[in-house]
Each structure stands twice: as structure tokens, then as C-alpha cells.
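Comments concern the structure below.
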Amino acid sequence: MAPVVGGGAAGETFHKVNFAAPRSFAAAFKSDLKETLFPDDPFHDFKGKPLPIKAKKALQYFVPIFEWLPKYTRKLFMYDLLAGITIASLAIPQGISYAKLANIPPIIGLYSSFVPPLIYSVFGSSKHLAVGTVAASSLIIAATIEAKVNPIENPQLYLNLVFTATLISGVTQLILGVFRLGILVDFLSHSTITGFMGGTATLICLQQLKGIFGLKHFTTHTDMVSVIRVILKNRKEIRWESTVVGVVFLVFLQFTRFVKQKKPKLFWVSAIAPMVVVVTGCVFAYVAHVEKHGIAIVGDLKKGINPSSLKNLDFDPKYLSAPIQAGLVTAMIALAEGIAIGRSFAIMENQQIDGNKEMIAFGLMNIIGSFTSCYLTTGPFSKTAVNYNAGCKTQMANVVMSICMMLTLFFLAPLFSYTPLVALSAIIMSAMLGLIEYDKAYHLYKTDKFDFIICMAAFFGVAFISMDVGLMLSVGLALLRALLYVARPASSKLGNIPDTSVYRDMEQYPGAIDIPKTLILQLGSPIYFANSGYLRERILRWVRDEQVKKASEGDDVEHVILDFGGVTSIDITGVETLVEIRRSLEVRDIKVVIVNPRLEVMEKLIVTNFIDKIGKERVFLSIEDAIEGCNFSLTPQKDCGSEES
């Protein structure tokens, strides 16, 4: 099908519009699939390479350790050694603390910092991400599984369901990564994550008051009202000894965070502070026999590395709904948090990480972790920040941390059995206070009120109802906003910027000039069933308003130019809408002209015969060409661009 061009009164030649035959369904589907699943074109280096090179690159792509390990040097190892030892000192108290938060044996928290980091170092693509357990996922797992099984009355079944939830989470992450469905995680917006983490941190802080005050009775509910109510109800159980110790530890931890903020080079002060609290607490508990004063300790911690937990996985239909729910929710939260943190630190080094490869790495480390007595792990911000500041250069820092954890499990684990629970509560509270990002919430309020509402929906939903409800409320509002953007897309009237050939939105540029007898409209979204009715009414309203305006100036509207440069796709309903618009305007002796339809749109307009209906002479490559063609058509007995060159 030959390209058609128009000619002006002075013999000008318009730029050619391509009316090539539409691609086959297979070619179009392949192109769309590639853009959907492989927007980063990860295999671009494979083109033109011999088969052995392709095989090597494929291995390096799917197993990143084969890419960075051959280039590894002793100098890099010295950096990673220091970083690995530093994050190991943070992993020990965090592992014990977050295991307590999940209501599982503290040793499981230490196990979870041994195997998963090794798996991530093989399959992970981030050089800076430090693997470990996180508070939010620990609390979600506890709150969900507690609804089915009491961790005190039936601790073994409860632990089995935690391993099962970890397996389900890992399988979910692996499936999302293999099928490159990272787009699903994108529905957890920055506003949602900020509000969710803030609400969860608030809840966790309140729950740690049990350990700070030394309370014996507490609630299994996670909403703020229930927690405050039970604290007030059991206020007579508060032990002043425990409270004093907890406040001292908390003040010390917050002071070290303050030092880090004021002097970033002293980051290590904040990094080792939790370990200092644990060691000090252990010595204090051993010397003072704190159990006699109402201060509980962690208790027995066995030597040895992770035992197999394959036989512990429990798929009993009676309980399965709880680990499925916990696994699915924590899979998405862990992915969103881990990938966002990994990307944040990669950007600082002008690097990129592949979100889908990260999903596969997270999935594999949680699947294998569920087989080796570990529970859910991802990339915690605090540990990753310490890893980055300590100067890590590669994923080897995770290997060093794992070796440190292995040595701890073999030789030092029993020493931590004297850790006071109040020390763990102080560590958790200090970490959570850093997750309540007041500045970000205020920034959202100042810059985007709807994003602020989404953030607050997550925060208050989590704090006052439940974590699941808060998350769903926030995601629901974010989806509603996206649907509004889709169903009510932007359109604008364009005018000419004086002394240029540039056409811009007249509302944004009030100095732009109207074109006589012509209305130029720019559409900025796909045209399909969800918004076609709105676009029809909006275009006709633009025309009506323009007719009134031009009539008052002694002018009229004879052409409507639709700029399709921002229309990425169109469906059959959208094409029918264009037919209706054309019919409505032609009744008023107004001609429709189309400018710059994209490939997919042009193909749809050709196969539906819309181009034949309006005429190829009414399709132009640029607004300037369209105006010249329309001006030429205003001469007697000429149509828009009817002459061909």
C-alpha cells in the first residue's frame, strides 16, 4: 500500500505518512509481549554472538555469581570482609528480636541469617542488599497464623505453619520472577509502602511495651486500640525494674542513631549498638540474676547449624488458609520492600538491578529457607544501609555474614540465651521509630494530596483495623486513582507558539495563538471502551465551546485536527467512537483530520477501514502539515490536502 502525501497551493510537499499493510497477528503479539514482559530487553547482548558466547551470557544472566566472581579480587574482598562482619553484628540481635516478634524460637532468627544470604549471593543482582528478616513480615506472619493456632498452646504446629507460609511466599515470588510479572508489585505505590510501614512500625512499637513493662498478659490483636486497652487493663503488672532497663537501652540506641545522623562517617556506632545492647544485657542478666526481678530472658539456644524442616511443612486443609494468606501478603510486601531498597542503593552508584531477577533470588532463598528451618527473609533497609556505608563492593558481603552466623551457631549461640527480652524490645522499638517517616508524609501532603490520602489510608487502616485491611484500603485507593486516570484521560486544545512551528497546550501557554477556522486537540491516552464515551463527549464539548468563541469573533470551525501522538493503542469501541465523532461533526460541516497516529493505532484504523472512510488525504505526519493541508482545502472546491505530490 503506497504512502499518500498532500500538496499545498504553492506546491509544497507534505511529509509522507506510512500506510503500510498491518503486521501479522503473530508479529504484533510478539512485539507486545516483548514490551510487556521484557521492557529492559535483557538479551540485547546476545544478538550476533556465537552459541558458546550466548550460553555463557545466559548463565551469567540467570546466575549472577558467574558474572562477578571471575572478576573478584583480593582488594574487593577486604571491603566485603569488613562489611560482612559489620552486618553480622547487626544480624544477630535483629534475628533474635524479629523471631520473638513472629512468636517463634529465637534460634530460627539466627538460622534465617545463615542459609538465605548464601542463596542470594548466588542468584541476587544487587551488590549492596543485605539479606535478613524484617519486622513487618514477622508481624504479618504472627498475626495471620495466630488466628488459627495459638503459639503458646501448640508451638510446634505454629512453627510448622510459619515454615509453610515461607514456602508459599517463596513459590509466589519465584513464579512472579520467572513469568516476569513484576508489574504486579508496582501496584504497591511509594505512598502505600510509606503508610503501611509507618502504621506497622507504630503497631510494633506499641506491642513492644509488653517487653518494656514486663507484662505477663497481652493481646493477640494487632490494632492500636486493642493494644492500648490491654496495657491499661494490666497496668498493675508493670515491673519498674524492667521499665528502667528498657528505657535505658532505648535511650542509648536512639542516641547512637542521633550520632549517625549528625556524623554519617560514624555509622558504625549505630550499627554495633544493638550488639552492644545484647552483650550488655546478657552480662547484666547473668550477674544480676534478673529472672528473680521479673525480667524474662530468651532461654535455651542450641548449638549447631540449621536442621532440615522438610518434614515440618504442614498442608493440613484445616490450617492451610492461614499460611496461604500470610505467604501471599508477605511475598508482595517483601518484594516491594527489597526491590525498592536494592534499586535505591544501586542508583547511588549509577547502577541498575533487574527486578525480575531479584524476585527469582528472593523466591529461591525463601523456598530453600523453608526447607532449612528459616522463615521469611528479604532485604531490610537498616542492614542494607549499614552494608553500603561499610563499603561493600559485591554480594560476597552476604557470604561473609553467613560464615559469621555459622560460627555463631556453632560456638556462641548458647551465650545469647541470657539476653533479656526487654533488650530485644528496645532494639525493635528503636528500629521501628526510624521507619515512621514523618518527613515523607509531610512531603506527600505538600506535593500531592491524593497520594497523602493513600498514605494515610494505609497508616490508619493498619494502626486501627488490621494490616491486611490497611493494605487493601490503600491499594484500592491507588487503583481507583489509576482507573480515574484511565477513564477520564487528559485532552487539551493546542495553539501555535508565536514565530515558531511549535504547538502547545493553550491553558499552559496562554500566549499561544488560535488557528483560524481550525481546532487542534491533543489526546494523551489509549482510546478504548473504558474512556471512549468520555472522549467523545469531551471532543464534542471542545468543538461546541470553540464554535461559540469563534462565532463571537466572526469566525467558524471548519476543521478539527486530532493529534494522536500520545494515543498508544485503540480498540474496536474506540474506532467506533471515532466514527461517531466524524459523523456528528460532518453534520455540522466540520471535517476531521488525524495527525501522527502511532503504528498500532494506524494498523487498527486500516483494518477497520476507518482510514478509507475519512480518506488518506486527511491523515498527516505533523500538525504543521495538517494546517497547511486544511488551509489549502479552504480554497473553493478543494478538500483537505486533496492534491497529491
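Ligands are numbered from 1 in the order shown, chains are lettered A, B, ... in the order of the C-alpha cells, and residues start at 1 in each chain.
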
**OP:** Tell me, as number ranges by chain, which residues lie within 9 Å of region 152-160 of chain A, counting only C-alpha atoms; anything in the same chain fewer than 3 positions away does not count.
**Re:** A: 103-105, 145-146, 148-149, 163-165, 309, 311-314

Could you produce a table of the residues of region 142-239 of chain A lying within 9 Å of region 291-303 of chain A, with the nearest pair of atoms per residue and their separation in Å rounded to one decimal, using only C-alpha atoms, ordered by chain and increasing residue number, as CSV?
residue,atom,partner,partner_atom,distance
A:Gly211,CA,A:Ala296,CA,8.5
A:Gly214,CA,A:Ile295,CA,6.5
A:Arg239,CA,A:Gly294,CA,6.9

Original post:
If we count only C-alpha atoms, what is near Arg588 (chain A) at a cut-off of 12 Å, once residues fewer than 2 positions away on the same chain are taken out, given as a PyMOL selection string?
Top reply: chain A and resi 540+543-544+547+556-560+581-586+590-592

Let's have the selection written as a PDB file, in the first residue's frame, with C-alpha atoms.
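File written: part.pdb
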ATOM      1  CA  LEU A 540     -17.796  17.479  21.080  1.00  0.00           C
ATOM      2  CA  VAL A 543     -15.995  21.839  19.392  1.00  0.00           C
ATOM      3  CA  ARG A 544     -19.144  23.456  20.834  1.00  0.00           C
ATOM      4  CA  GLN A 547     -17.773  27.395  17.816  1.00  0.00           C
ATOM      5  CA  ASP A 556     -16.157  29.479  12.368  1.00  0.00           C
ATOM      6  CA  VAL A 557     -14.767  25.948  12.895  1.00  0.00           C
ATOM      7  CA  GLU A 558     -14.291  24.010   9.657  1.00  0.00           C
ATOM      8  CA  HIS A 559     -11.600  21.501  10.689  1.00  0.00           C
ATOM      9  CA  VAL A 560     -10.903  19.558  13.855  1.00  0.00           C
ATOM     10  CA  ILE A 581     -17.390  11.770  16.228  1.00  0.00           C
ATOM     11  CA  ARG A 582     -16.775  12.084  12.496  1.00  0.00           C
ATOM     12  CA  ARG A 583     -20.472  11.617  11.753  1.00  0.00           C
ATOM     13  CA  SER A 584     -21.516  14.191  14.370  1.00  0.00           C
ATOM     14  CA  LEU A 585     -19.049  16.767  13.076  1.00  0.00           C
ATOM     15  CA  GLU A 586     -19.774  16.267   9.396  1.00  0.00           C
ATOM     16  CA  ILE A 590     -16.740  20.140  10.115  1.00  0.00           C
ATOM     17  CA  LYS A 591     -14.043  17.820   8.787  1.00  0.00           C
ATOM     18  CA  VAL A 592     -11.935  15.543  10.992  1.00  0.00           C
TER      19      VAL A 592
END

Within 8 Å of Leu101 (chain A), counting only C-alpha atoms, which residues show up once you throw out same-chain ones fewer than 5 positions away? Write them as an mmCIF file with C-alpha atoms, in the first residue's frame, please.
data_model
loop_
_atom_site.group_PDB
_atom_site.id
_atom_site.type_symbol
_atom_site.label_atom_id
_atom_site.label_comp_id
_atom_site.auth_asym_id
_atom_site.auth_seq_id
_atom_site.Cartn_x
_atom_site.Cartn_y
_atom_site.Cartn_z
ATOM 1 C CA ALA A 135 9.710 -6.642 61.364
ATOM 2 C CA SER A 138 7.332 -11.057 61.049
ATOM 3 C CA LEU A 139 4.282 -9.313 62.473
ATOM 4 C CA ALA A 142 2.361 -13.861 63.545
#

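Nearest to Thr144 (chain A) of all the residues A:Ala28, A:Ala413, A:Met467, A:Met405 is A:Met467, counting only C-alpha atoms.
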
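You will find CA of Met224 (chain A) at 6.2 Å from CA of Leu203 (chain A).
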
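CA of Lys383 (chain A) sits 7.8 Å away from CA of Gly132 (chain A).
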
**OP:** Might you pull out every residue within 10 Å of Leu479 (chain A), with only C-alpha atoms counted and same-chain residues fewer than 5 positions away left off, and present them as a ChimeraX atom specification?
**Re:** /A:187-189,473-474,484-485

Original post:
Which polymer residues have any atom within 10 Å of an atom of Ala626 (chain A), counting only C-alpha atoms, with same-chain residues fewer than 4 positions away left out, as an MDAnalysis selection string?
Top reply: chainID A and resid 6 14 520 559 561:563 593:596 617:622 630:632 640:641

Please save N, CA and C atoms of the selected residues as an mmCIF file, in the first residue's frame.
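Generated output (again_21.cif):
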data_model
loop_
_atom_site.group_PDB
_atom_site.id
_atom_site.type_symbol
_atom_site.label_atom_id
_atom_site.label_comp_id
_atom_site.auth_asym_id
_atom_site.auth_seq_id
_atom_site.Cartn_x
_atom_site.Cartn_y
_atom_site.Cartn_z
ATOM 1 N N GLY A 6 0.051 14.941 0.627
ATOM 2 C CA GLY A 6 -0.777 16.036 0.131
ATOM 3 C C GLY A 6 0.092 17.152 -0.404
ATOM 4 N N PHE A 14 4.039 17.647 1.454
ATOM 5 C CA PHE A 14 3.925 17.249 2.848
ATOM 6 C C PHE A 14 4.798 16.029 3.112
ATOM 7 N N ILE A 520 -7.458 22.473 17.148
ATOM 8 C CA ILE A 520 -6.453 21.415 17.285
ATOM 9 C C ILE A 520 -6.574 20.817 18.682
ATOM 10 N N HIS A 559 -12.419 22.706 10.560
ATOM 11 C CA HIS A 559 -11.600 21.501 10.689
ATOM 12 C C HIS A 559 -11.281 21.245 12.159
ATOM 13 N N ILE A 561 -8.552 19.047 14.110
ATOM 14 C CA ILE A 561 -7.337 18.239 13.968
ATOM 15 C C ILE A 561 -7.118 17.488 15.276
ATOM 16 N N LEU A 562 -7.074 16.169 15.199
ATOM 17 C CA LEU A 562 -6.849 15.329 16.374
ATOM 18 C C LEU A 562 -5.410 14.830 16.354
ATOM 19 N N ASP A 563 -4.619 15.295 17.320
ATOM 20 C CA ASP A 563 -3.222 14.866 17.430
ATOM 21 C C ASP A 563 -3.187 13.535 18.181
ATOM 22 N N VAL A 593 -9.528 15.657 10.915
ATOM 23 C CA VAL A 593 -8.181 15.392 10.405
ATOM 24 C C VAL A 593 -7.382 14.707 11.520
ATOM 25 N N ILE A 594 -6.605 13.707 11.159
ATOM 26 C CA ILE A 594 -5.805 12.963 12.141
ATOM 27 C C ILE A 594 -4.327 13.220 11.900
ATOM 28 N N VAL A 595 -3.596 13.404 13.011
ATOM 29 C CA VAL A 595 -2.158 13.690 12.925
ATOM 30 C C VAL A 595 -1.365 12.637 13.701
ATOM 31 N N ASN A 596 -0.348 12.112 13.037
ATOM 32 C CA ASN A 596 0.666 11.266 13.663
ATOM 33 C C ASN A 596 0.113 10.073 14.440
ATOM 34 N N GLU A 617 -6.113 11.357 2.503
ATOM 35 C CA GLU A 617 -5.668 12.745 2.398
ATOM 36 C C GLU A 617 -5.938 13.550 3.672
ATOM 37 N N ARG A 618 -6.636 12.923 4.633
ATOM 38 C CA ARG A 618 -6.900 13.624 5.901
ATOM 39 C C ARG A 618 -6.031 13.092 7.043
ATOM 40 N N VAL A 619 -4.981 12.381 6.711
ATOM 41 C CA VAL A 619 -4.041 11.884 7.711
ATOM 42 C C VAL A 619 -2.676 12.510 7.440
ATOM 43 N N PHE A 620 -2.102 13.161 8.452
ATOM 44 C CA PHE A 620 -0.854 13.891 8.280
ATOM 45 C C PHE A 620 0.161 13.461 9.327
ATOM 46 N N LEU A 621 1.409 13.765 9.007
ATOM 47 C CA LEU A 621 2.503 13.378 9.899
ATOM 48 C C LEU A 621 2.716 14.388 11.016
ATOM 49 N N SER A 622 2.417 15.644 10.758
ATOM 50 C CA SER A 622 2.627 16.683 11.764
ATOM 51 C C SER A 622 1.472 17.664 11.753
ATOM 52 N N CYS A 630 -5.190 21.785 5.458
ATOM 53 C CA CYS A 630 -6.532 22.305 5.711
ATOM 54 C C CYS A 630 -6.696 23.702 5.135
ATOM 55 N N ASN A 631 -5.657 24.539 5.208
ATOM 56 C CA ASN A 631 -5.727 25.863 4.603
ATOM 57 C C ASN A 631 -5.915 25.753 3.099
ATOM 58 N N PHE A 632 -5.238 24.787 2.501
ATOM 59 C CA PHE A 632 -5.373 24.578 1.066
ATOM 60 C C PHE A 632 -6.793 24.129 0.716
ATOM 61 N N CYS A 640 -9.408 18.820 2.134
ATOM 62 C CA CYS A 640 -8.189 18.911 2.937
ATOM 63 C C CYS A 640 -7.061 18.104 2.334
ATOM 64 N N GLY A 641 -6.066 18.798 1.781
ATOM 65 C CA GLY A 641 -4.891 18.109 1.250
ATOM 66 C C GLY A 641 -5.238 17.186 0.120
#

Subject >> Who sits within 12 Å of Arg74 (chain A), only C-alpha atoms, same chain under 5 positions skipped, as a VMD selection string >> reply: chain A and resid 69 79 to 81 393 396

Mind writing the picked residues with N, CA, C and O atoms as a short mmCIF file (atom, residue, chain, number, x, y, z; two decimals), in the first residue's frame?
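out.cif, freshly written:
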data_model
loop_
_atom_site.label_atom_id
_atom_site.label_comp_id
_atom_site.auth_asym_id
_atom_site.auth_seq_id
_atom_site.Cartn_x
_atom_site.Cartn_y
_atom_site.Cartn_z
N LEU A 69 31.99 -13.15 40.12
CA LEU A 69 33.03 -13.90 40.81
C LEU A 69 34.33 -14.04 40.01
O LEU A 69 35.43 -13.89 40.58
N TYR A 79 37.16 -5.11 51.39
CA TYR A 79 35.99 -4.27 51.64
C TYR A 79 34.80 -5.12 52.09
O TYR A 79 34.09 -4.79 53.05
N ASP A 80 34.56 -6.22 51.36
CA ASP A 80 33.41 -7.07 51.67
C ASP A 80 33.56 -7.76 53.02
O ASP A 80 32.57 -8.02 53.71
N LEU A 81 34.80 -8.08 53.40
CA LEU A 81 35.04 -8.71 54.70
C LEU A 81 34.60 -7.79 55.84
O LEU A 81 33.89 -8.21 56.76
N LYS A 393 31.34 -4.11 48.28
CA LYS A 393 31.56 -3.97 46.84
C LYS A 393 30.80 -5.00 46.02
O LYS A 393 30.47 -4.74 44.86
N MET A 396 29.55 -10.73 47.94
CA MET A 396 30.39 -11.52 48.85
C MET A 396 30.17 -11.11 50.31
O MET A 396 30.38 -11.91 51.23
#
